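Novice: One structure, as structure tokens, below. Some questions next.
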Amino acid sequence: MRRGGVIASAAALALAGGDARADELAWGTYFGGEAGDYINGISVDPAGNIYVGGQTDSVAGIATPGAYRTAPQKLDGFLAKFTPAGELLWATYFGGPGEDWVRDVVVRGDSVVIAGETYSDTGIAYGDTFQTKGYTFHNGFVAQFTADGAILWGTYIHTYLVVDGLAIGSLAVGPQNELYVAGSTIDNPGLTTPDAHQPVFSGGGQQADGYLLRLDETGNRVWATYYGGHGKDTAMVVTRGDSVYLGGFTQSSGAIATPGTFQPDAPDDDEKFGAMYAARFDAAGVRAWGTYFGSDVGKDFGSMAAHPDGGVVLGGASQKIDVGQSTDMSEPLGSDDVMMVRFDDTGARVWSRYFGGPDSEGVNDVEIDELGTIHVIGYGSSDNLATLDGFHTMSAGAGDLFMARFDGSGVQTYGTYIGGEANDVYGRLMLAPQRVLVGGRTRSLTGIATPGAHQTTYNLGMEDGVHGDAFLWVFGAGAGAGQPCDDGDACQSGFCSDEVCCDAACGDSDAGDCQACSVAAGAAVDGTCGPRAPGPCRPAVDECDAAEACDGVALECPADDVVGDGAPCPEGACAAGMCVTGETTGTTTNGAEGTGAATEVPGGSTSTGDETGPVPTSDAAATAQEPASSSGDATGAENPTDTGCGCASTNAPALLAALLLLPRRRKAAAPTTRRSHRPVHDL
């Protein structure tokens, strides 16, 4: 997965799969103050809450009261959390005395992580983390917050000054909540681990190497490696399962590719080419393969995403047909067109193609849903990018963004322009169940916010033509976690349980388990699946059956149990969970003296449990009960004595065994109300 958090399933992602109208803009909002603001990263948690991060020059209009930092020190980063319906829950500045930017955001378990770049040598690190002191020059940083906005830890990543590259390219979360960071750096002796894939820096002068770093739950290094040769190299990271994919731009003629992949050798024009590359690592940092793609001068890597069938899709820009020419025979129409390529999990090319209009295009972000449907957002021509069913079939302003969708073969199935009447730049994507989220920066005064949104007006005024407000659009429909529902189709998560939209299936509203998703059903909060309050979960069938109850901790009802043998019941006494009936004198079934209930025995006979009871005097009866041999069995044991009930007094153990073999009446489960839900599968 690209950013962690909620991953859209084939069934739940209606927009991605084409099951819902892609022109359904659920809501849109500006987000900013009196100066310039960007959204650079978006992530979504399992309940559908939205996290956005970016950078701001605004001294007001960003942070909420009581936030981690309510005022900026200079140009600062920010992190904000919205409900699925667009209500701002909290927002905080992040940074020190220098300039700071948040470049990416990921949900990690029940926390949220931001990463970016900083010129602040103080005010970033928090706790005992990987690098607690910053250098005077350019640094990267990573910080983790709780879902309520409290900081857990923060660390510098020493990258020094990176020329024409990002200190932080991206974040990614693995299946066990492993956290990966990728970016660019010049020589940094404290970054890598000794046994890493490439522990030694290979770039020359100000030529940066890419790097890949894994951090643990406390913000400390697990392992780290450089990736690159003597030319300039950048890096970003995505994950799927145990595979960790690195990709970026390279001008290095070595240390990138491996034999047997699509393009194992660098282009001939050493240090004059500009190619994209992809590589696959495992969770321990061992490289499986690497490949170049292309040889274009000025080729611009944009973004990448992991494919559900393995491998990756890269998006960038190309100036001419080269070694990366399209498999569908398409050609660039403008000076720079989007170039997309898919590699399988061995580094072999599956397909590649151009996409664009008469002007120049570039890629900001790539995301893929579980069907393998590819979403791309970028900037470019005002013609030839949208389809007839697009939300905006024509560009509304001087420079709109575009969002396009492609099937598994790279064929365009949808396209729309995004923006208002002015310039709209830099877009980021996030796919979530039944939703596609788009964020970026806009200078448009109209066409952005929907009625009732968090911020319905552009804050900078018509005279500003340089900065811009951040904006967030959410396409699609569906209620958020905790909202009422009738079935899973009504929920953004795809799950309706206990009559509210839930973050999980939560037992499918089974009244016989111990989990719930609404306060009315015993959960702690609406919308979050968890143990329900202590109370009955499986009632007793009768006096010989025990009721079971939830303990407020376990999610399942305890195993079925019975009342102890010998406990009184209306017809006699309990045995093996059944009420055993009959009349007799002498010892009762529970061992008490006097008249007691006799025990039914298979075949219709009964036993009083009293070995001294009367012996029948009838000759016929005596004859019927007479053993075949009066000398006992071969071991010399006594023959059993008939007590007058048609059974032998020494057969009590056998009687109990017979009772235990009798089929026990099964207890009916509590009445169950089932509502449809849609499963969500992880990428």
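Here's how to read the names in the structure tokens: chain A, B, ... by the order shown, residue numbers from 1 in each chain, ligand numbers from 1 in the order shown.
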Might you pull out every residue within 9 Å of segment 121-133 of chain A, with only C-alpha atoms counted and same-chain residues fewer than 5 positions away left off, and present them as an MDAnalysis selection string?
Specialist: chainID A and resid 94:98 138:139 141:143 151:158 190 215 218:221
Novice: Hey, what does DSSP flag as strand (DSSP E) within segment 448-550 of chain A? Can you give it to me as a list in words?
Specialist: Asp469, Ala470, Phe471, Leu472, Trp473, Val474, Phe475, Gly476, Cys496, Ser497, Val500, Cys501, Gln515, Ala516, Gly530, Pro531, Gly535, Pro536, Cys537, Arg538, Glu548, Ala549 and Cys550 of chain A
Novice: List as an MDAnalysis selection string the protein and nucleic acid residues near His307 of chain A, meaning an atom at most 10 Å away when only C-alpha atoms are counted, but skip any in the same chain fewer than 6 places from it.
Specialist: chainID A and resid 1 238:240 313 342:345 367:374 408 683
Novice: Using only C-alpha atoms, can you tell me which of A:Gly419, A:Gly302, A:Gly399, A:Gly61 comes closest to Gly447 of chain A?
Specialist: A:Gly419
Novice: With only C-alpha atoms as the basis for distance, which of A:Gln206, A:Gln325, A:Ser111, A:Thr185 is at the shortest distance from Pro46 of chain A?
Specialist: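 Checking each of A:Gln206, A:Gln325, A:Ser111, A:Thr185 against Pro46 of chain A, counting only C-alpha atoms, the winner is A:Ser111.
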Novice: Hey, can you check how far atom CA of Asp337 of chain A sits from atom CA of Val350 of chain A?
Specialist: 19.7 Å
Novice: Which residues are near segment 525-528 of chain A? Cut-off 8 Å, only C-alpha atoms, ignore same chain within fewer than 2 positions. Put them as a compact mmCIF listing (two decimals) with N, CA and C atoms, in the first residue's frame.
Specialist:
```
# COMPACT_ATOMS: atom_id res chain seq x y z
N ALA A 47 -11.93 4.21 9.95
CA ALA A 47 -13.26 4.79 10.19
C ALA A 47 -13.63 5.83 9.14
N ALA A 481 -18.11 6.49 9.66
CA ALA A 481 -18.21 5.61 10.81
C ALA A 481 -19.08 6.24 11.89
N GLY A 482 -19.98 5.44 12.46
CA GLY A 482 -20.86 5.90 13.51
C GLY A 482 -22.17 6.48 13.02
N GLN A 483 -22.30 6.66 11.68
CA GLN A 483 -23.53 7.19 11.13
C GLN A 483 -24.54 6.07 10.94
N VAL A 500 -25.13 0.97 12.58
CA VAL A 500 -24.28 2.11 12.32
C VAL A 500 -23.17 1.68 11.37
N CYS A 501 -22.62 2.65 10.63
CA CYS A 501 -21.46 2.37 9.79
C CYS A 501 -20.26 2.09 10.69
N CYS A 502 -19.60 0.98 10.43
CA CYS A 502 -18.56 0.49 11.34
C CYS A 502 -17.22 0.42 10.62
N ASP A 503 -16.13 0.40 11.37
CA ASP A 503 -14.81 0.28 10.79
C ASP A 503 -14.44 -1.16 10.49
N ALA A 504 -15.31 -2.12 10.83
CA ALA A 504 -15.05 -3.53 10.56
C ALA A 504 -16.39 -4.26 10.49
N CYS A 517 -20.68 -2.47 17.63
CA CYS A 517 -20.17 -1.27 16.97
C CYS A 517 -20.99 -0.03 17.29
N SER A 518 -22.01 -0.16 18.11
CA SER A 518 -22.79 1.01 18.51
C SER A 518 -22.96 1.02 20.01
N VAL A 519 -23.09 2.20 20.56
CA VAL A 519 -23.30 2.34 22.00
C VAL A 519 -24.59 1.63 22.40
N ALA A 523 -21.28 -1.18 22.66
CA ALA A 523 -19.92 -0.76 22.34
C ALA A 523 -19.54 0.50 23.12
N GLY A 530 -15.57 -3.28 18.84
CA GLY A 530 -14.82 -3.67 20.03
C GLY A 530 -15.67 -4.54 20.93
```
Novice: Show me, as a tab-separated table, the residues of segment 82-184 of chain A having an atom within 10 Å of segment 241-261 of chain A, each with the closest atom pair and its distance in Å, using only C-alpha atoms.
Specialist:
```
residue	atom	partner	partner_atom	distance
A:Gly165	CA	A:Phe249	CA	9.5
A:Gly169	CA	A:Gly248	CA	8.9
A:Ala172	CA	A:Val244	CA	8.8
A:Val173	CA	A:Val244	CA	9.5
A:Gly174	CA	A:Gly241	CA	6.6
A:Pro175	CA	A:Gly241	CA	5.8
A:Gln176	CA	A:Gly241	CA	9.1
A:Glu178	CA	A:Asp242	CA	10.0
A:Tyr180	CA	A:Val244	CA	8.6
A:Ala182	CA	A:Leu246	CA	7.9
A:Gly183	CA	A:Gly248	CA	9.2
A:Ser184	CA	A:Gly248	CA	9.9
```
Novice: Quick one: residues within 10 Å of Gln55 of chain A, only C-alpha atoms counted, chain neighbours fewer than 5 positions away excluded, as an MDAnalysis selection string?
Specialist: chainID A and resid 32 36:40 75:79 93:95 99:103 116 470
Novice: Can I get the selection written as an mmCIF file, in the first residue's frame, with N, CA and C atoms?
Specialist:
```
data_model
loop_
_atom_site.group_PDB
_atom_site.id
_atom_site.type_symbol
_atom_site.label_atom_id
_atom_site.label_comp_id
_atom_site.auth_asym_id
_atom_site.auth_seq_id
_atom_site.Cartn_x
_atom_site.Cartn_y
_atom_site.Cartn_z
ATOM 1 N N GLY A 32 -7.012 27.086 4.514
ATOM 2 C CA GLY A 32 -5.882 27.988 4.540
ATOM 3 C C GLY A 32 -6.180 29.277 5.264
ATOM 4 N N GLY A 36 0.028 31.678 1.728
ATOM 5 C CA GLY A 36 -0.014 30.500 0.870
ATOM 6 C C GLY A 36 -0.100 29.200 1.645
ATOM 7 N N ASP A 37 -0.866 28.235 1.117
ATOM 8 C CA ASP A 37 -1.060 26.941 1.777
ATOM 9 C C ASP A 37 -1.108 25.831 0.714
ATOM 10 N N TYR A 38 -0.494 24.683 1.019
ATOM 11 C CA TYR A 38 -0.484 23.518 0.139
ATOM 12 C C TYR A 38 -0.961 22.296 0.915
ATOM 13 N N ILE A 39 -1.603 21.352 0.225
ATOM 14 C CA ILE A 39 -1.770 19.988 0.732
ATOM 15 C C ILE A 39 -0.848 19.097 -0.085
ATOM 16 N N ASN A 40 0.078 18.430 0.604
ATOM 17 C CA ASN A 40 1.059 17.561 -0.047
ATOM 18 C C ASN A 40 0.836 16.080 0.218
ATOM 19 N N LEU A 75 7.593 29.711 7.969
ATOM 20 C CA LEU A 75 6.858 28.821 7.076
ATOM 21 C C LEU A 75 6.893 27.442 7.716
ATOM 22 N N ASP A 76 5.740 26.924 8.109
ATOM 23 C CA ASP A 76 5.680 25.670 8.858
ATOM 24 C C ASP A 76 4.902 24.607 8.094
ATOM 25 N N GLY A 77 5.108 23.369 8.524
ATOM 26 C CA GLY A 77 4.240 22.297 8.072
ATOM 27 C C GLY A 77 2.966 22.286 8.900
ATOM 28 N N PHE A 78 1.984 21.504 8.446
ATOM 29 C CA PHE A 78 0.761 21.336 9.228
ATOM 30 C C PHE A 78 0.223 19.932 9.039
ATOM 31 N N LEU A 79 -0.599 19.505 9.998
ATOM 32 C CA LEU A 79 -1.325 18.243 9.947
ATOM 33 C C LEU A 79 -2.732 18.516 10.441
ATOM 34 N N TYR A 93 0.137 23.119 13.668
ATOM 35 C CA TYR A 93 1.367 23.453 12.961
ATOM 36 C C TYR A 93 2.446 22.449 13.365
ATOM 37 N N PHE A 94 3.494 22.334 12.519
ATOM 38 C CA PHE A 94 4.634 21.514 12.877
ATOM 39 C C PHE A 94 5.885 22.149 12.282
ATOM 40 N N GLY A 95 6.872 22.438 13.146
ATOM 41 C CA GLY A 95 8.114 23.008 12.662
ATOM 42 C C GLY A 95 8.896 23.697 13.752
ATOM 43 N N GLU A 99 12.378 27.109 7.996
ATOM 44 C CA GLU A 99 11.267 26.741 7.130
ATOM 45 C C GLU A 99 11.078 25.230 7.153
ATOM 46 N N ASP A 100 9.803 24.812 7.139
ATOM 47 C CA ASP A 100 9.478 23.392 7.272
ATOM 48 C C ASP A 100 8.324 23.041 6.322
ATOM 49 N N TRP A 101 8.366 21.840 5.762
ATOM 50 C CA TRP A 101 7.316 21.361 4.873
ATOM 51 C C TRP A 101 6.937 19.937 5.252
ATOM 52 N N VAL A 102 5.663 19.618 5.280
ATOM 53 C CA VAL A 102 5.205 18.230 5.374
ATOM 54 C C VAL A 102 5.004 17.728 3.953
ATOM 55 N N ARG A 103 5.674 16.625 3.607
ATOM 56 C CA ARG A 103 5.625 16.093 2.256
ATOM 57 C C ARG A 103 4.692 14.892 2.108
ATOM 58 N N GLY A 116 8.743 15.091 6.167
ATOM 59 C CA GLY A 116 8.977 16.252 5.333
ATOM 60 C C GLY A 116 10.396 16.738 5.419
ATOM 61 N N ALA A 470 -4.886 25.871 0.156
ATOM 62 C CA ALA A 470 -5.027 24.428 -0.008
ATOM 63 C C ALA A 470 -6.497 24.108 -0.283
#
```
Novice: For segment 201-205 of chain A, work out the shell of residues within 12 Å, counting only C-alpha atoms and skipping chain neighbours fewer than 3 positions away, then give it as a JSON list (two decimals) with C-alpha atoms, in the first residue's frame.
Specialist:
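Saved result, part04.json, follows:
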```json
[["chain", "number", "residue", "atom", "x", "y", "z"],
["A", 159, "THR", "CA", 20.28, 14.70, 4.51],
["A", 161, "LEU", "CA", 21.57, 20.20, 1.37],
["A", 162, "VAL", "CA", 19.91, 18.32, -1.47],
["A", 163, "VAL", "CA", 20.14, 20.02, -4.86],
["A", 184, "SER", "CA", 17.48, 11.84, -1.39],
["A", 185, "THR", "CA", 20.65, 12.74, 0.47],
["A", 186, "ILE", "CA", 24.26, 13.67, -0.04],
["A", 187, "ASP", "CA", 26.91, 11.89, 2.00],
["A", 188, "ASN", "CA", 25.49, 11.17, 5.47],
["A", 189, "PRO", "CA", 27.75, 8.81, 7.48],
["A", 190, "GLY", "CA", 25.15, 8.31, 10.20],
["A", 191, "LEU", "CA", 22.33, 7.21, 7.95],
["A", 192, "THR", "CA", 22.96, 3.63, 6.82],
["A", 193, "THR", "CA", 23.56, 0.37, 8.68],
["A", 196, "ALA", "CA", 22.85, -2.69, 4.30],
["A", 197, "HIS", "CA", 22.47, -3.28, 0.57],
["A", 198, "GLN", "CA", 24.58, -0.16, -0.13],
["A", 208, "ALA", "CA", 22.52, 12.94, -4.30],
["A", 209, "ASP", "CA", 21.92, 9.24, -3.75],
["A", 210, "GLY", "CA", 18.52, 7.86, -2.97],
["A", 211, "TYR", "CA", 18.02, 6.17, 0.38],
["A", 224, "ALA", "CA", 18.91, 1.86, 6.09],
["A", 225, "THR", "CA", 20.64, 1.82, 2.72],
["A", 226, "TYR", "CA", 21.76, 4.23, 0.02],
["A", 227, "TYR", "CA", 20.56, 3.56, -3.51],
["A", 228, "GLY", "CA", 22.36, 5.10, -6.47],
["A", 229, "GLY", "CA", 25.58, 5.64, -8.36],
["A", 230, "HIS", "CA", 27.80, 8.64, -9.09],
["A", 231, "GLY", "CA", 24.99, 10.65, -10.75],
["A", 232, "LYS", "CA", 21.91, 12.21, -9.21],
["A", 233, "ASP", "CA", 19.33, 9.78, -7.80],
["A", 234, "THR", "CA", 15.99, 10.33, -6.07],
["A", 250, "THR", "CA", 18.42, 8.51, -11.94],
["A", 251, "GLN", "CA", 21.40, 9.81, -13.86],
["A", 252, "SER", "CA", 23.69, 7.06, -12.54],
["A", 253, "SER", "CA", 25.13, 4.53, -14.97],
["A", 254, "GLY", "CA", 25.67, 1.93, -12.26],
["A", 255, "ALA", "CA", 24.28, 0.55, -8.95],
["A", 256, "ILE", "CA", 20.68, 0.72, -10.22],
["A", 271, "GLU", "CA", 25.27, 11.65, -16.90]]
```
Novice: Out of A:Gly347, A:Pro332, A:Gly362, A:Gly572, which residue has the shortest atom-to-atom distance to Asp300 of chain A when counting only C-alpha atoms?
Specialist: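 Once distances to Asp300 of chain A are computed over only C-alpha atoms, the minimum belongs to A:Gly362.
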Novice: Tell me, as a CSV table (one decimal) with N, CA and C atoms, in the first residue's frame, which residues lie within 9 Å of Ala67 of chain A, counting only C-alpha atoms; anything in the same chain fewer than 6 positions away does not count.
Specialist:
```csv
chain,number,residue,atom,x,y,z
A,90,TRP,N,-9.3,18.5,14.3
A,90,TRP,CA,-8.2,19.2,14.8
A,90,TRP,C,-7.1,19.5,13.8
A,91,ALA,N,-6.3,20.5,14.0
A,91,ALA,CA,-5.2,20.8,13.1
A,91,ALA,C,-4.1,21.4,13.9
A,92,THR,N,-2.8,21.1,13.5
A,92,THR,CA,-1.7,21.6,14.3
A,92,THR,C,-0.6,22.1,13.3
A,93,TYR,N,0.1,23.1,13.7
A,93,TYR,CA,1.4,23.5,13.0
A,93,TYR,C,2.4,22.4,13.4
A,149,GLY,N,-4.1,13.8,17.9
A,149,GLY,CA,-3.2,15.0,17.6
A,149,GLY,C,-2.1,15.2,18.6
A,150,ALA,N,-1.9,14.3,19.5
A,150,ALA,CA,-0.8,14.4,20.5
A,150,ALA,C,0.5,13.8,19.9
```
Novice: Mind giving me the straight-line distance from atom CA of Cys557 of chain A to atom CA of Asp510 of chain A in Å, one decimal?
Specialist: 10.6 Å
Novice: Which value, in Å to one decimal, gives the distance between atom CA of Thr291 of chain A and atom CA of Thr327 of chain A?
Specialist: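 Separation of atom CA of Thr291 of chain A and atom CA of Thr327 of chain A: 17.3 Å.
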Novice: Given the choices A:Gln515, A:Val366, A:Glu556, A:Val541, which gets closest to Gly577 of chain A if the distance is worked out from only C-alpha atoms?
Specialist: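 Of A:Gln515, A:Val366, A:Glu556, A:Val541, the one nearest Gly577 of chain A is A:Val541, counting only C-alpha atoms.
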